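S.K.: See work37.txt below, with compact mmCIF, C-alpha atoms.
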```
# COMPACT_ATOMS: atom_id res chain seq x y z
CA MET E 1 -133.54 115.26 81.14
CA VAL E 2 -136.20 117.88 81.75
CA TRP E 3 -137.14 118.17 85.39
CA SER E 4 -140.82 119.03 85.42
CA GLU E 5 -143.43 119.70 88.06
CA CYS E 6 -146.14 117.05 87.86
CA VAL E 7 -149.17 118.11 89.90
CA ALA E 8 -152.10 115.68 89.41
CA VAL E 9 -150.22 113.87 86.66
CA ASP E 10 -151.01 110.23 85.85
CA TYR E 11 -147.47 108.88 86.09
CA LEU E 12 -148.33 105.46 84.68
CA ALA E 13 -149.97 107.14 81.70
CA ARG E 14 -146.67 108.92 81.09
CA ALA E 15 -144.85 105.59 81.39
CA LEU E 16 -147.19 104.14 78.76
CA GLU E 17 -146.31 106.98 76.39
CA LEU E 18 -142.64 106.11 76.85
CA ALA E 19 -143.34 102.41 76.24
CA ASP E 20 -145.07 103.19 72.95
CA ARG E 21 -141.97 105.05 71.79
CA ALA E 22 -140.00 101.79 72.05
CA LEU E 23 -142.34 99.69 69.89
CA GLY E 24 -140.56 98.15 66.92
CA ARG E 25 -137.14 98.85 68.42
CA VAL E 26 -136.67 96.26 71.16
CA SER E 27 -138.07 92.92 69.99
CA PRO E 28 -138.11 90.19 71.11
CA ASN E 29 -138.13 92.09 74.41
CA PRO E 30 -141.24 93.94 75.58
CA ALA E 31 -141.54 97.70 75.13
CA VAL E 32 -141.52 99.19 78.63
CA GLY E 33 -141.67 102.71 80.04
CA ALA E 34 -140.65 103.79 83.54
CA VAL E 35 -140.96 107.01 85.54
CA VAL E 36 -139.30 107.91 88.88
CA VAL E 37 -141.23 110.42 90.99
CA LYS E 38 -140.14 112.25 94.17
CA ASP E 39 -141.98 115.02 96.00
CA GLY E 40 -144.36 115.55 93.08
CA LEU E 41 -141.58 115.82 90.52
CA ILE E 42 -140.61 113.45 87.73
CA VAL E 43 -136.90 113.04 88.42
CA GLY E 44 -136.17 110.21 85.99
CA GLU E 45 -137.62 108.61 82.87
CA GLY E 46 -136.63 105.65 80.74
CA LEU E 47 -137.75 103.28 78.03
CA THR E 48 -136.44 99.89 76.94
CA GLN E 49 -133.29 99.95 74.82
CA PRO E 50 -132.61 97.53 71.93
CA PRO E 51 -131.68 93.94 72.94
CA GLY E 52 -128.55 93.91 75.06
CA GLY E 53 -129.16 97.48 76.23
CA ALA E 54 -130.57 98.63 79.55
CA HIS E 55 -134.17 98.11 80.56
CA ALA E 56 -136.54 101.02 81.14
CA GLU E 57 -136.24 100.89 84.94
CA VAL E 58 -132.45 101.08 84.88
CA ILE E 59 -132.48 104.04 82.46
CA ALA E 60 -135.01 105.87 84.66
CA LEU E 61 -133.05 105.18 87.85
CA GLU E 62 -129.78 106.30 86.30
CA SER E 63 -131.38 109.51 85.07
CA ALA E 64 -132.78 110.15 88.57
CA GLY E 65 -129.42 109.53 90.24
CA ARG E 66 -129.46 110.20 94.00
CA ARG E 67 -133.02 111.50 93.78
CA ALA E 68 -134.18 107.89 93.37
CA ASP E 69 -133.55 107.27 97.08
CA GLY E 70 -136.98 107.34 98.75
CA ALA E 71 -138.76 107.91 95.44
CA ASP E 72 -141.63 106.07 93.76
CA LEU E 73 -141.24 104.06 90.55
CA TYR E 74 -144.02 103.74 87.96
CA VAL E 75 -143.44 101.04 85.34
CA THR E 76 -145.65 99.55 82.63
CA LEU E 77 -144.47 95.93 83.08
CA GLU E 78 -143.31 93.94 86.07
CA PRO E 79 -139.55 94.40 86.65
CA CYS E 80 -137.47 91.39 85.62
CA CYS E 81 -135.83 89.33 88.35
CA HIS E 82 -133.49 87.07 86.36
CA HIS E 83 -130.14 87.29 84.61
CA GLY E 84 -130.55 87.48 80.83
CA ARG E 85 -128.55 89.78 78.61
CA THR E 86 -128.73 92.28 81.49
CA PRO E 87 -128.84 91.92 85.30
CA PRO E 88 -132.20 91.82 87.15
CA CYS E 89 -134.05 95.13 87.34
CA THR E 90 -135.24 94.19 90.82
CA ASP E 91 -131.62 94.41 92.04
CA ALA E 92 -131.25 97.91 90.56
CA ILE E 93 -134.52 99.04 92.18
CA LEU E 94 -133.43 97.83 95.61
CA ARG E 95 -129.96 99.39 95.31
CA ALA E 96 -131.48 102.75 94.35
CA GLY E 97 -133.57 102.95 97.54
CA ILE E 98 -136.98 103.14 95.83
CA ARG E 99 -139.78 103.06 98.41
CA SER E 100 -142.75 102.01 96.25
CA VAL E 101 -143.31 100.47 92.83
CA HIS E 102 -146.49 100.87 90.77
CA VAL E 103 -146.76 98.19 88.08
CA ALA E 104 -149.36 98.31 85.32
CA THR E 105 -149.30 94.57 84.57
CA LEU E 106 -147.36 91.41 85.38
CA ASP E 107 -144.82 89.96 82.95
CA PRO E 108 -146.08 86.61 81.52
CA TYR E 109 -142.54 85.41 80.80
CA PRO E 110 -142.29 82.19 82.88
CA VAL E 111 -139.13 83.11 84.81
CA VAL E 112 -140.77 86.38 85.93
CA ASN E 113 -144.61 86.18 86.07
CA GLY E 114 -145.13 87.51 89.61
CA ARG E 115 -141.68 86.71 90.98
CA GLY E 116 -140.39 90.22 90.41
CA VAL E 117 -143.25 91.68 92.42
CA ASP E 118 -142.75 89.09 95.18
CA ILE E 119 -139.03 89.93 95.50
CA LEU E 120 -139.78 93.63 95.91
CA ARG E 121 -142.54 93.03 98.44
CA ARG E 122 -140.37 90.69 100.50
CA ALA E 123 -137.74 93.42 100.59
CA GLY E 124 -140.28 95.73 102.23
CA LEU E 125 -141.32 97.87 99.25
CA GLN E 126 -144.91 98.86 98.72
CA VAL E 127 -145.98 97.36 95.36
CA GLU E 128 -149.24 98.01 93.56
CA VAL E 129 -150.31 96.17 90.42
CA GLY E 130 -153.13 96.75 87.93
CA THR E 131 -153.59 100.44 87.20
CA HIS E 132 -153.69 100.91 83.41
CA GLY E 133 -153.27 97.16 83.07
CA ASP E 134 -155.40 96.88 79.92
CA GLU E 135 -153.46 99.63 78.17
CA ALA E 136 -150.13 98.10 79.19
CA ARG E 137 -151.14 94.68 77.90
CA GLN E 138 -152.32 96.24 74.63
CA ILE E 139 -148.97 97.95 74.03
CA ASN E 140 -147.21 94.63 74.55
CA VAL E 141 -149.89 92.40 73.03
CA ALA E 142 -147.31 91.05 70.56
CA PHE E 143 -144.88 90.15 73.36
CA PHE E 144 -147.62 88.45 75.37
CA HIS E 145 -148.66 86.48 72.25
CA TYR E 146 -145.04 85.55 71.48
CA VAL E 147 -144.50 84.25 75.01
CA ARG E 148 -147.68 82.18 74.74
CA THR E 149 -147.21 80.77 71.21
CA GLY E 150 -143.61 81.33 70.11
CA ARG E 151 -144.96 83.02 66.97
CA PRO E 152 -145.29 86.67 65.94
CA TYR E 153 -148.51 88.60 66.42
CA VAL E 154 -150.15 89.26 63.04
CA THR E 155 -152.11 92.38 62.14
CA ALA E 156 -153.84 92.08 58.76
CA LYS E 157 -154.30 95.47 57.15
CA TRP E 158 -156.13 96.46 54.00
CA ALA E 159 -157.74 99.49 52.41
CA MET E 160 -160.91 99.10 50.35
CA THR E 161 -163.65 101.12 48.75
CA LEU E 162 -167.17 101.19 50.10
CA ASP E 163 -168.08 98.39 47.68
CA GLY E 164 -165.24 96.21 48.95
CA LYS E 165 -162.56 96.66 46.28
CA ILE E 166 -158.84 97.04 46.99
CA ALA E 167 -158.09 98.07 43.38
CA ALA E 168 -159.83 98.86 40.14
CA ARG E 169 -160.28 96.09 37.55
CA SER E 170 -157.08 97.35 35.84
CA GLY E 171 -155.16 96.67 39.04
CA ASP E 172 -154.67 100.35 39.83
CA SER E 173 -154.80 100.93 43.60
CA ARG E 174 -153.27 104.39 44.11
CA TRP E 175 -154.77 105.63 46.20
CA VAL E 176 -157.75 103.89 47.80
CA THR E 177 -157.60 105.96 51.00
CA GLY E 178 -156.53 109.48 51.88
CA GLU E 179 -153.30 110.86 53.25
CA GLU E 180 -154.34 110.61 56.93
CA ALA E 181 -155.08 106.88 56.62
CA ARG E 182 -151.82 106.24 54.80
CA ARG E 183 -149.93 108.10 57.53
CA LEU E 184 -151.55 105.86 60.16
CA VAL E 185 -150.44 102.79 58.18
CA HIS E 186 -146.87 104.07 58.31
CA ARG E 187 -147.24 104.42 62.09
CA GLU E 188 -148.25 100.76 62.15
CA ARG E 189 -145.27 99.83 60.01
CA ASP E 190 -143.05 101.80 62.34
CA ALA E 191 -144.28 99.78 65.33
CA SER E 192 -143.76 96.46 63.54
CA ASP E 193 -140.77 94.18 63.25
CA ALA E 194 -141.73 92.96 59.78
CA ILE E 195 -144.02 93.87 56.88
CA VAL E 196 -145.32 90.84 54.96
CA VAL E 197 -146.76 90.66 51.43
CA GLY E 198 -147.25 88.08 48.71
CA VAL E 199 -145.37 88.06 45.42
CA GLN E 200 -148.50 89.13 43.52
CA THR E 201 -148.41 92.44 45.43
CA VAL E 202 -144.76 92.87 44.44
CA LEU E 203 -145.52 92.10 40.78
CA ALA E 204 -148.61 94.33 40.64
CA ASP E 205 -147.51 97.34 42.73
CA ASN E 206 -143.70 97.16 42.98
CA PRO E 207 -143.85 98.53 46.55
CA SER E 208 -140.90 99.66 48.62
CA LEU E 209 -142.55 98.61 51.94
CA THR E 210 -140.63 101.23 53.90
CA VAL E 211 -141.65 103.51 56.76
CA ARG E 212 -142.23 107.04 55.54
CA LEU E 213 -142.87 109.44 58.40
CA GLY E 214 -141.81 113.07 58.51
CA PRO E 215 -140.62 115.28 61.38
CA SER E 216 -144.16 116.64 61.79
CA ASP E 217 -145.55 113.14 62.37
CA ASP E 218 -145.69 111.41 65.76
CA VAL E 219 -142.34 109.68 65.41
CA ARG E 220 -140.95 107.20 67.93
CA VAL E 221 -137.32 107.05 68.99
CA PRO E 222 -134.81 106.06 66.28
CA ARG E 223 -134.71 102.35 65.55
CA PRO E 224 -131.49 100.35 64.96
CA THR E 225 -132.81 98.87 61.69
CA PRO E 226 -135.96 99.42 59.60
CA PRO E 227 -138.68 96.74 59.64
CA LEU E 228 -137.83 93.51 57.85
CA ARG E 229 -139.59 93.26 54.47
CA VAL E 230 -140.92 89.75 53.82
CA VAL E 231 -142.24 88.35 50.54
CA LEU E 232 -144.07 85.02 50.28
CA ASP E 233 -142.87 83.88 46.87
CA SER E 234 -143.24 80.14 46.28
CA LEU E 235 -141.44 80.11 42.92
CA ALA E 236 -138.98 82.98 43.49
CA ARG E 237 -140.71 85.24 40.97
CA THR E 238 -139.73 88.51 42.71
CA PRO E 239 -137.97 90.59 40.03
CA PRO E 240 -134.33 91.32 40.93
CA THR E 241 -135.02 94.84 39.65
CA SER E 242 -137.90 95.48 42.09
CA LYS E 243 -137.85 98.44 44.47
CA LEU E 244 -137.37 96.03 47.35
CA LEU E 245 -133.90 95.20 46.01
CA ASP E 246 -132.80 98.52 44.55
CA GLY E 247 -130.57 99.39 47.51
CA GLU E 248 -132.39 102.64 48.26
CA SER E 249 -133.45 101.41 51.70
CA ALA E 250 -131.41 99.86 54.49
CA ALA E 251 -134.41 97.68 55.35
CA PRO E 252 -133.50 94.00 54.98
CA VAL E 253 -135.48 91.73 52.63
CA LEU E 254 -136.47 88.12 53.34
CA ILE E 255 -138.00 86.10 50.52
CA ALA E 256 -139.69 82.83 51.52
CA VAL E 257 -139.79 80.25 48.74
CA THR E 258 -140.61 76.56 48.44
CA ALA E 259 -138.46 73.67 47.25
CA ARG E 260 -140.00 74.12 43.78
CA ALA E 261 -138.33 77.51 43.28
CA PRO E 262 -135.68 77.45 40.52
CA ALA E 263 -132.15 77.50 41.91
CA GLU E 264 -131.09 80.14 39.38
CA SER E 265 -133.89 82.49 40.48
CA ILE E 266 -132.90 82.04 44.12
CA GLU E 267 -129.27 82.85 43.37
CA ASN E 268 -130.26 85.93 41.38
CA LEU E 269 -132.25 87.24 44.34
CA ARG E 270 -129.42 86.51 46.77
CA ALA E 271 -127.01 88.32 44.47
CA ARG E 272 -129.25 91.39 44.88
CA GLY E 273 -128.97 91.21 48.68
CA ALA E 274 -132.12 89.26 49.55
CA ASP E 275 -132.10 86.63 52.28
CA VAL E 276 -133.87 83.70 50.59
CA VAL E 277 -135.14 80.88 52.78
CA VAL E 278 -136.74 77.65 51.59
CA LEU E 279 -139.78 76.74 53.69
CA PRO E 280 -142.40 73.96 53.64
CA ASP E 281 -145.33 74.41 51.32
CA LEU E 282 -149.06 74.00 51.76
CA ALA E 283 -150.98 73.18 48.59
CA GLY E 284 -148.02 74.36 46.53
CA ARG E 285 -147.59 77.72 48.27
CA VAL E 286 -145.38 78.80 51.16
CA ASN E 287 -147.01 77.62 54.39
CA PRO E 288 -147.92 80.71 56.48
CA ARG E 289 -147.35 78.81 59.72
CA ALA E 290 -143.83 77.94 58.59
CA VAL E 291 -143.24 81.62 57.82
CA LEU E 292 -144.32 82.63 61.32
CA ASP E 293 -142.19 79.91 62.89
CA GLU E 294 -139.16 81.13 60.93
CA LEU E 295 -139.76 84.75 61.87
CA GLY E 296 -140.31 83.81 65.51
CA ARG E 297 -136.91 82.09 65.55
CA ARG E 298 -135.43 85.35 64.26
CA GLY E 299 -136.90 87.35 67.16
CA VAL E 300 -139.72 88.93 65.13
CA ILE E 301 -142.77 89.31 67.35
CA ARG E 302 -144.96 91.89 65.57
CA ILE E 303 -146.00 91.63 61.91
CA LEU E 304 -148.03 93.86 59.62
CA LEU E 305 -149.61 91.67 56.93
CA GLU E 306 -150.41 93.87 53.94
CA GLY E 307 -151.70 91.35 51.39
CA GLY E 308 -152.69 90.61 48.79
CA GLY E 309 -155.94 88.78 49.02
CA GLU E 310 -154.62 85.25 48.57
CA VAL E 311 -151.96 85.70 51.25
CA ILE E 312 -154.47 87.11 53.74
CA ALA E 313 -156.82 84.23 52.92
CA ALA E 314 -154.03 81.70 53.54
CA PHE E 315 -153.32 83.19 56.98
CA ALA E 316 -157.03 83.33 57.80
CA GLN E 317 -157.57 79.69 56.81
CA GLN E 318 -155.04 78.66 59.46
CA GLN E 319 -156.43 81.13 62.02
CA LEU E 320 -153.12 83.01 62.09
CA ILE E 321 -154.54 86.54 62.02
CA ASP E 322 -154.67 88.17 65.44
CA ARG E 323 -155.92 91.66 64.59
CA VAL E 324 -157.62 93.36 61.65
CA LEU E 325 -157.21 96.96 60.49
CA ALA E 326 -159.65 97.64 57.66
CA PHE E 327 -159.78 101.11 56.11
CA VAL E 328 -162.95 101.88 54.17
CA ALA E 329 -162.91 104.78 51.70
CA PRO E 330 -166.15 106.57 50.80
CA LYS E 331 -165.90 105.81 47.10
CA LEU E 332 -167.26 103.24 44.64
CA VAL E 333 -165.17 101.55 41.96
CA GLY E 334 -167.35 98.62 40.85
CA GLY E 335 -166.33 95.80 38.53
CA ARG E 336 -166.92 92.09 39.02
CA SER E 337 -163.24 91.41 38.35
CA ALA E 338 -161.91 94.08 40.70
CA PRO E 339 -160.07 92.39 43.60
CA SER E 340 -161.30 92.25 47.19
CA PRO E 341 -159.20 92.14 50.40
CA ILE E 342 -159.50 88.39 51.04
CA GLY E 343 -159.29 85.82 48.26
CA GLY E 344 -159.34 82.05 48.50
CA ASP E 345 -162.52 79.99 48.38
CA GLY E 346 -164.17 81.89 51.22
CA SER E 347 -166.86 80.68 53.60
CA PRO E 348 -169.60 78.59 51.94
CA MET E 349 -172.30 79.94 54.23
CA MET E 350 -172.78 83.29 55.98
CA ALA E 351 -173.00 81.36 59.24
CA ASP E 352 -169.37 80.35 58.64
CA ALA E 353 -168.14 83.94 58.39
CA ILE E 354 -165.36 84.91 60.79
CA PRO E 355 -166.74 87.25 63.48
CA LEU E 356 -164.61 90.02 64.94
CA ARG E 357 -164.73 90.92 68.63
CA ASP E 358 -163.95 94.16 70.47
CA VAL E 359 -164.67 96.11 67.30
CA GLN E 360 -163.88 99.82 67.23
CA THR E 361 -164.57 102.31 64.44
CA ARG E 362 -163.29 105.83 63.92
CA LEU E 363 -162.86 108.42 61.23
CA VAL E 364 -159.36 108.89 59.84
CA GLY E 365 -159.61 111.89 57.58
CA SER E 366 -162.47 111.06 55.21
CA ASP E 367 -162.01 107.29 55.65
CA ILE E 368 -163.39 104.88 58.24
CA LEU E 369 -161.06 102.60 60.19
CA ILE E 370 -162.56 99.36 61.51
CA GLU E 371 -160.36 97.57 64.04
CA GLY E 372 -161.20 94.18 65.52
CA TYR E 373 -159.92 90.78 66.57
CA PRO E 374 -160.97 87.44 65.03
CA ALA E 375 -163.04 85.46 67.51
CA TRP E 376 -160.69 82.47 67.39
CA ASN E 377 -158.13 84.45 69.42
CA ALA E 378 -160.41 84.58 72.46
CA ILE E 379 -160.92 80.81 72.24
CA ALA E 380 -157.17 80.13 72.02
CA GLU E 381 -156.39 82.45 74.93
CA ALA E 382 -159.09 80.84 77.08
CA LYS E 383 -157.65 77.37 76.40
CA ASP E 384 -154.18 78.53 77.47
CA ASP E 385 -155.55 80.07 80.65
```
Please rewrite the model in this file as structure tokens.

M.R.:
Amino acid sequence: MVWSECVAVDYLARALELADRALGRVSPNPAVGAVVVKDGLIVGEGLTQPPGGAHAEVIALESAGRRADGADLYVTLEPCCHHGRTPPCTDAILRAGIRSVHVATLDPYPVVNGRGVDILRRAGLQVEVGTHGDEARQINVAFFHYVRTGRPYVTAKWAMTLDGKIAARSGDSRWVTGEEARRLVHRERDASDAIVVGVQTVLADNPSLTVRLGPSDDVRVPRPTPPLRVVLDSLARTPPTSKLLDGESAAPVLIAVTARAPAESIENLRARGADVVVLPDLAGRVNPRAVLDELGRRGVIRILLEGGGEVIAAFAQQQLIDRVLAFVAPKLVGGRSAPSPIGGDGSPMMADAIPLRDVQTRLVGSDILIEGYPAWNAIAEAKDD
């Protein structure tokens, strides 16, 4: 622990930095950061540990030790007040002698949701809620979505040329975007619990679907296991010799098939270490909603959906995409047969196009990143409220 002087420091901003470092490591729990401050000094810091481990507040209080008595606690999410895998954080806060608690946002989990704050206030602590609330909710947007729906939060990502192609007509797609954009994609993978593709992507590109970040990159804390690699493969056509199954990565592989998949193909994939699960179909293909339900049962709350076009179309048709990351490279490839990011039948009229809300654009190297949220999310959230 580095004891540092913190004059005019935004302590909740520091707690948010800590929370981000836990993304992809603690699901299905939220990623939380906590900071203990006394006499202008940060005397303790913590972030959520993997399931079964201590929560951020407990880690921060333990690192502060006796200095926590009479100190202030800054935490990105409301402290829990119930017995789960660990005791209530509210009990630890009261035992430590904390005088005030600054909470960025309330915890939507039904057994908490304001009760943690109420317990602390009734015990005589000063409690403030709301500073950096939007940022705190954004870090844990997947957790909030999971609590509301029971399904993982889905980010659809693609990279395309300025004329809307994700590959040349030959199928070659290396590389559409530059190194900076690809590094950002690996940051997204690193924050995710699972990376999802269709079997056509496996057959065309033979990807490894691993996180590749170096020491010079902005790397989060070590994770217990790499992101789960998921293939939607109705007929179990994934080659047993693919990179996904070559044993080079410790990342687990889940292959979702339908009842039409040949038993021999399924056994061959299982013999190579894949977890093969038979799920309901929709029009002959693995039903995306069934995939999300299965992953939700496994504690997966944050997914990066990387294609191809037919898979992204299938998720979009059921309004199962929550966020879009579209990288646009300043190059032209042309070709009427060159693939685009979203396949399927598409919208018959421009008026039926799916609008994105809260759109942000920025340069990533020489490429443009467009980030937005399909409008159906706002409608669903309003109905739940």

S.K.: For each of E:Arg95, E:His83, E:Arg137, E:Lys331, take the minimum atom-to-atom distance to Leu120 (chain E), counting only C-alpha atoms, then give the residue where this is smallest.

M.R.: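 The answer is E:Arg95, which sits nearest to Leu120 (chain E).
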
S.K.: Give the answer as one residue: which of E:Thr155, E:Ser234, E:Ser366, E:Asn377 has the shortest atom-to-atom distance to Ala259 (chain E), using all atoms listed in the file?

M.R.: E:Ser234

S.K.: Can you tell me how far CA of Asp107 (chain E) sits from CA of Arg189 (chain E), in Å to one decimal?

M.R.: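 Separation of CA of Asp107 (chain E) and CA of Arg189 (chain E): 25.0 Å.
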
S.K.: Leaving out region 222-228 of chain E and any residue of its chain fewer than 6 positions from it, which residues lie within 9 Å of it when counting only C-alpha atoms, given as number ranges by chain?

M.R.: E: 22, 24-26, 50, 189-196, 209-211, 249-254, 300

S.K.: Would you export the selected residues with C-alpha atoms as a PDB file, in the frame of the given file, please?

M.R.:
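Saved the output as out27.pdb:
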```pdb
ATOM      1  CA  ALA E  22    -140.000 101.790  72.050  1.00  0.00           C
ATOM      2  CA  GLY E  24    -140.560  98.150  66.920  1.00  0.00           C
ATOM      3  CA  ARG E  25    -137.140  98.850  68.420  1.00  0.00           C
ATOM      4  CA  VAL E  26    -136.670  96.260  71.160  1.00  0.00           C
ATOM      5  CA  PRO E  50    -132.610  97.530  71.930  1.00  0.00           C
ATOM      6  CA  ARG E 189    -145.270  99.830  60.010  1.00  0.00           C
ATOM      7  CA  ASP E 190    -143.050 101.800  62.340  1.00  0.00           C
ATOM      8  CA  ALA E 191    -144.280  99.780  65.330  1.00  0.00           C
ATOM      9  CA  SER E 192    -143.760  96.460  63.540  1.00  0.00           C
ATOM     10  CA  ASP E 193    -140.770  94.180  63.250  1.00  0.00           C
ATOM     11  CA  ALA E 194    -141.730  92.960  59.780  1.00  0.00           C
ATOM     12  CA  ILE E 195    -144.020  93.870  56.880  1.00  0.00           C
ATOM     13  CA  VAL E 196    -145.320  90.840  54.960  1.00  0.00           C
ATOM     14  CA  LEU E 209    -142.550  98.610  51.940  1.00  0.00           C
ATOM     15  CA  THR E 210    -140.630 101.230  53.900  1.00  0.00           C
ATOM     16  CA  VAL E 211    -141.650 103.510  56.760  1.00  0.00           C
ATOM     17  CA  SER E 249    -133.450 101.410  51.700  1.00  0.00           C
ATOM     18  CA  ALA E 250    -131.410  99.860  54.490  1.00  0.00           C
ATOM     19  CA  ALA E 251    -134.410  97.680  55.350  1.00  0.00           C
ATOM     20  CA  PRO E 252    -133.500  94.000  54.980  1.00  0.00           C
ATOM     21  CA  VAL E 253    -135.480  91.730  52.630  1.00  0.00           C
ATOM     22  CA  LEU E 254    -136.470  88.120  53.340  1.00  0.00           C
ATOM     23  CA  VAL E 300    -139.720  88.930  65.130  1.00  0.00           C
TER      24      VAL E 300
END
```

S.K.: Have a look at CA of Glu135 (chain E) and CA of Leu18 (chain E) and let me know their distance in Å, one decimal.

M.R.: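 CA of Leu18 (chain E) lies at a distance of 12.7 Å from CA of Glu135 (chain E).
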
S.K.: Need the shell around region 60-75 of chain E: protein/DNA/RNA residues with any atom at most 6 Å away, counting all atoms listed in the file. Skip same-chain ones fewer than 6 positions apart. Format as a list in words?

M.R.: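 Counting only the stated atoms, we get Leu12, Gly33, Ala34, Val35, Val36, Val37, Lys38, Val43, Gly44, Glu45, Gly46, Ala96, Gly97, Ile98, Arg99, Ser100, Val101, His102 and Val103 of chain E.
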
S.K.: Taking only C-alpha atoms into account, which of E:Gly130, E:Gly52, E:Gly346, E:Pro240 comes nearest Leu77 (chain E)?

M.R.: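 Distance minimum relative to Leu77 (chain E) lands on E:Gly130.
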
S.K.: Provide the CA of Leu235 (chain E) to CA of Lys165 (chain E) distance in Å, to one decimal place.

M.R.: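 Those two atoms sit 27.0 Å apart.
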
S.K.: Could you give me, as a ChimeraX atom specification, the residues within 12 Å of region 176-185 of chain E, counting only C-alpha atoms and dropping anything in the same chain fewer than 2 positions from it?

M.R.: /E:155-168,171-174,187-192,195,209-214,216-219,304-306,325-333,362-370

S.K.: May I ask which of the residues E:Val129, E:Ile342, E:Ala56, E:Ala15 is the closest one to Ala313 (chain E), counting all atoms listed in the file?

M.R.: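 Closest to Ala313 (chain E) of all the choices is E:Ile342.
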
S.K.: Between E:Pro280, E:Pro30, E:Pro341, E:Gly150, which one has atoms that come closest to Gln138 (chain E), using all atoms listed in the file?

M.R.: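 Checking each candidate against Gln138 (chain E), we get E:Pro30 as the closest.
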
S.K.: Find, counting all atoms listed in the file, the residue in E:Arg169, E:Arg237, E:His132, E:Arg122 that gets nearest to Ile255 (chain E).

M.R.: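 Among the listed residues, E:Arg237 lies closest to Ile255 (chain E).
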
S.K.: Within 8 Å of region 292-298 of chain E, counting all atoms listed in the file, which residues show up once you throw out same-chain ones fewer than 4 positions away? Write them as a PyMOL selection string, please.

M.R.: chain E and resi 146+150-152+288

S.K.: Calculate, to one decimal in Å, the centre and edge lengths of the box along x, y and z of the file that holds all listed atoms of region 320-332 of chain E with 3 Å of margin on each side, and present them as lines of an AutoDock Vina configuration file.

M.R.:
```
center_x = -160.2
center_y = 94.8
center_z = 55.0
size_x = 20.1
size_y = 29.6
size_z = 26.8
```

S.K.: Please return as a PyMOL selection string every residue within 12 Å of (-158.4, 91.1, 65.7), taking into account all atoms listed in the file and the file's own coordinates.

M.R.: chain E and resi 138+141+153-157+316+319-326+354-360+370-378

S.K.: Give me, as a PyMOL selection string, all polymer residues having an atom no more than 12 Å from Leu106 (chain E), counting all atoms listed in the file and skipping those fewer than 3 positions away in the same chain.

M.R.: chain E and resi 30+32+75-80+102-103+109-118+127-134+136-137+140+144
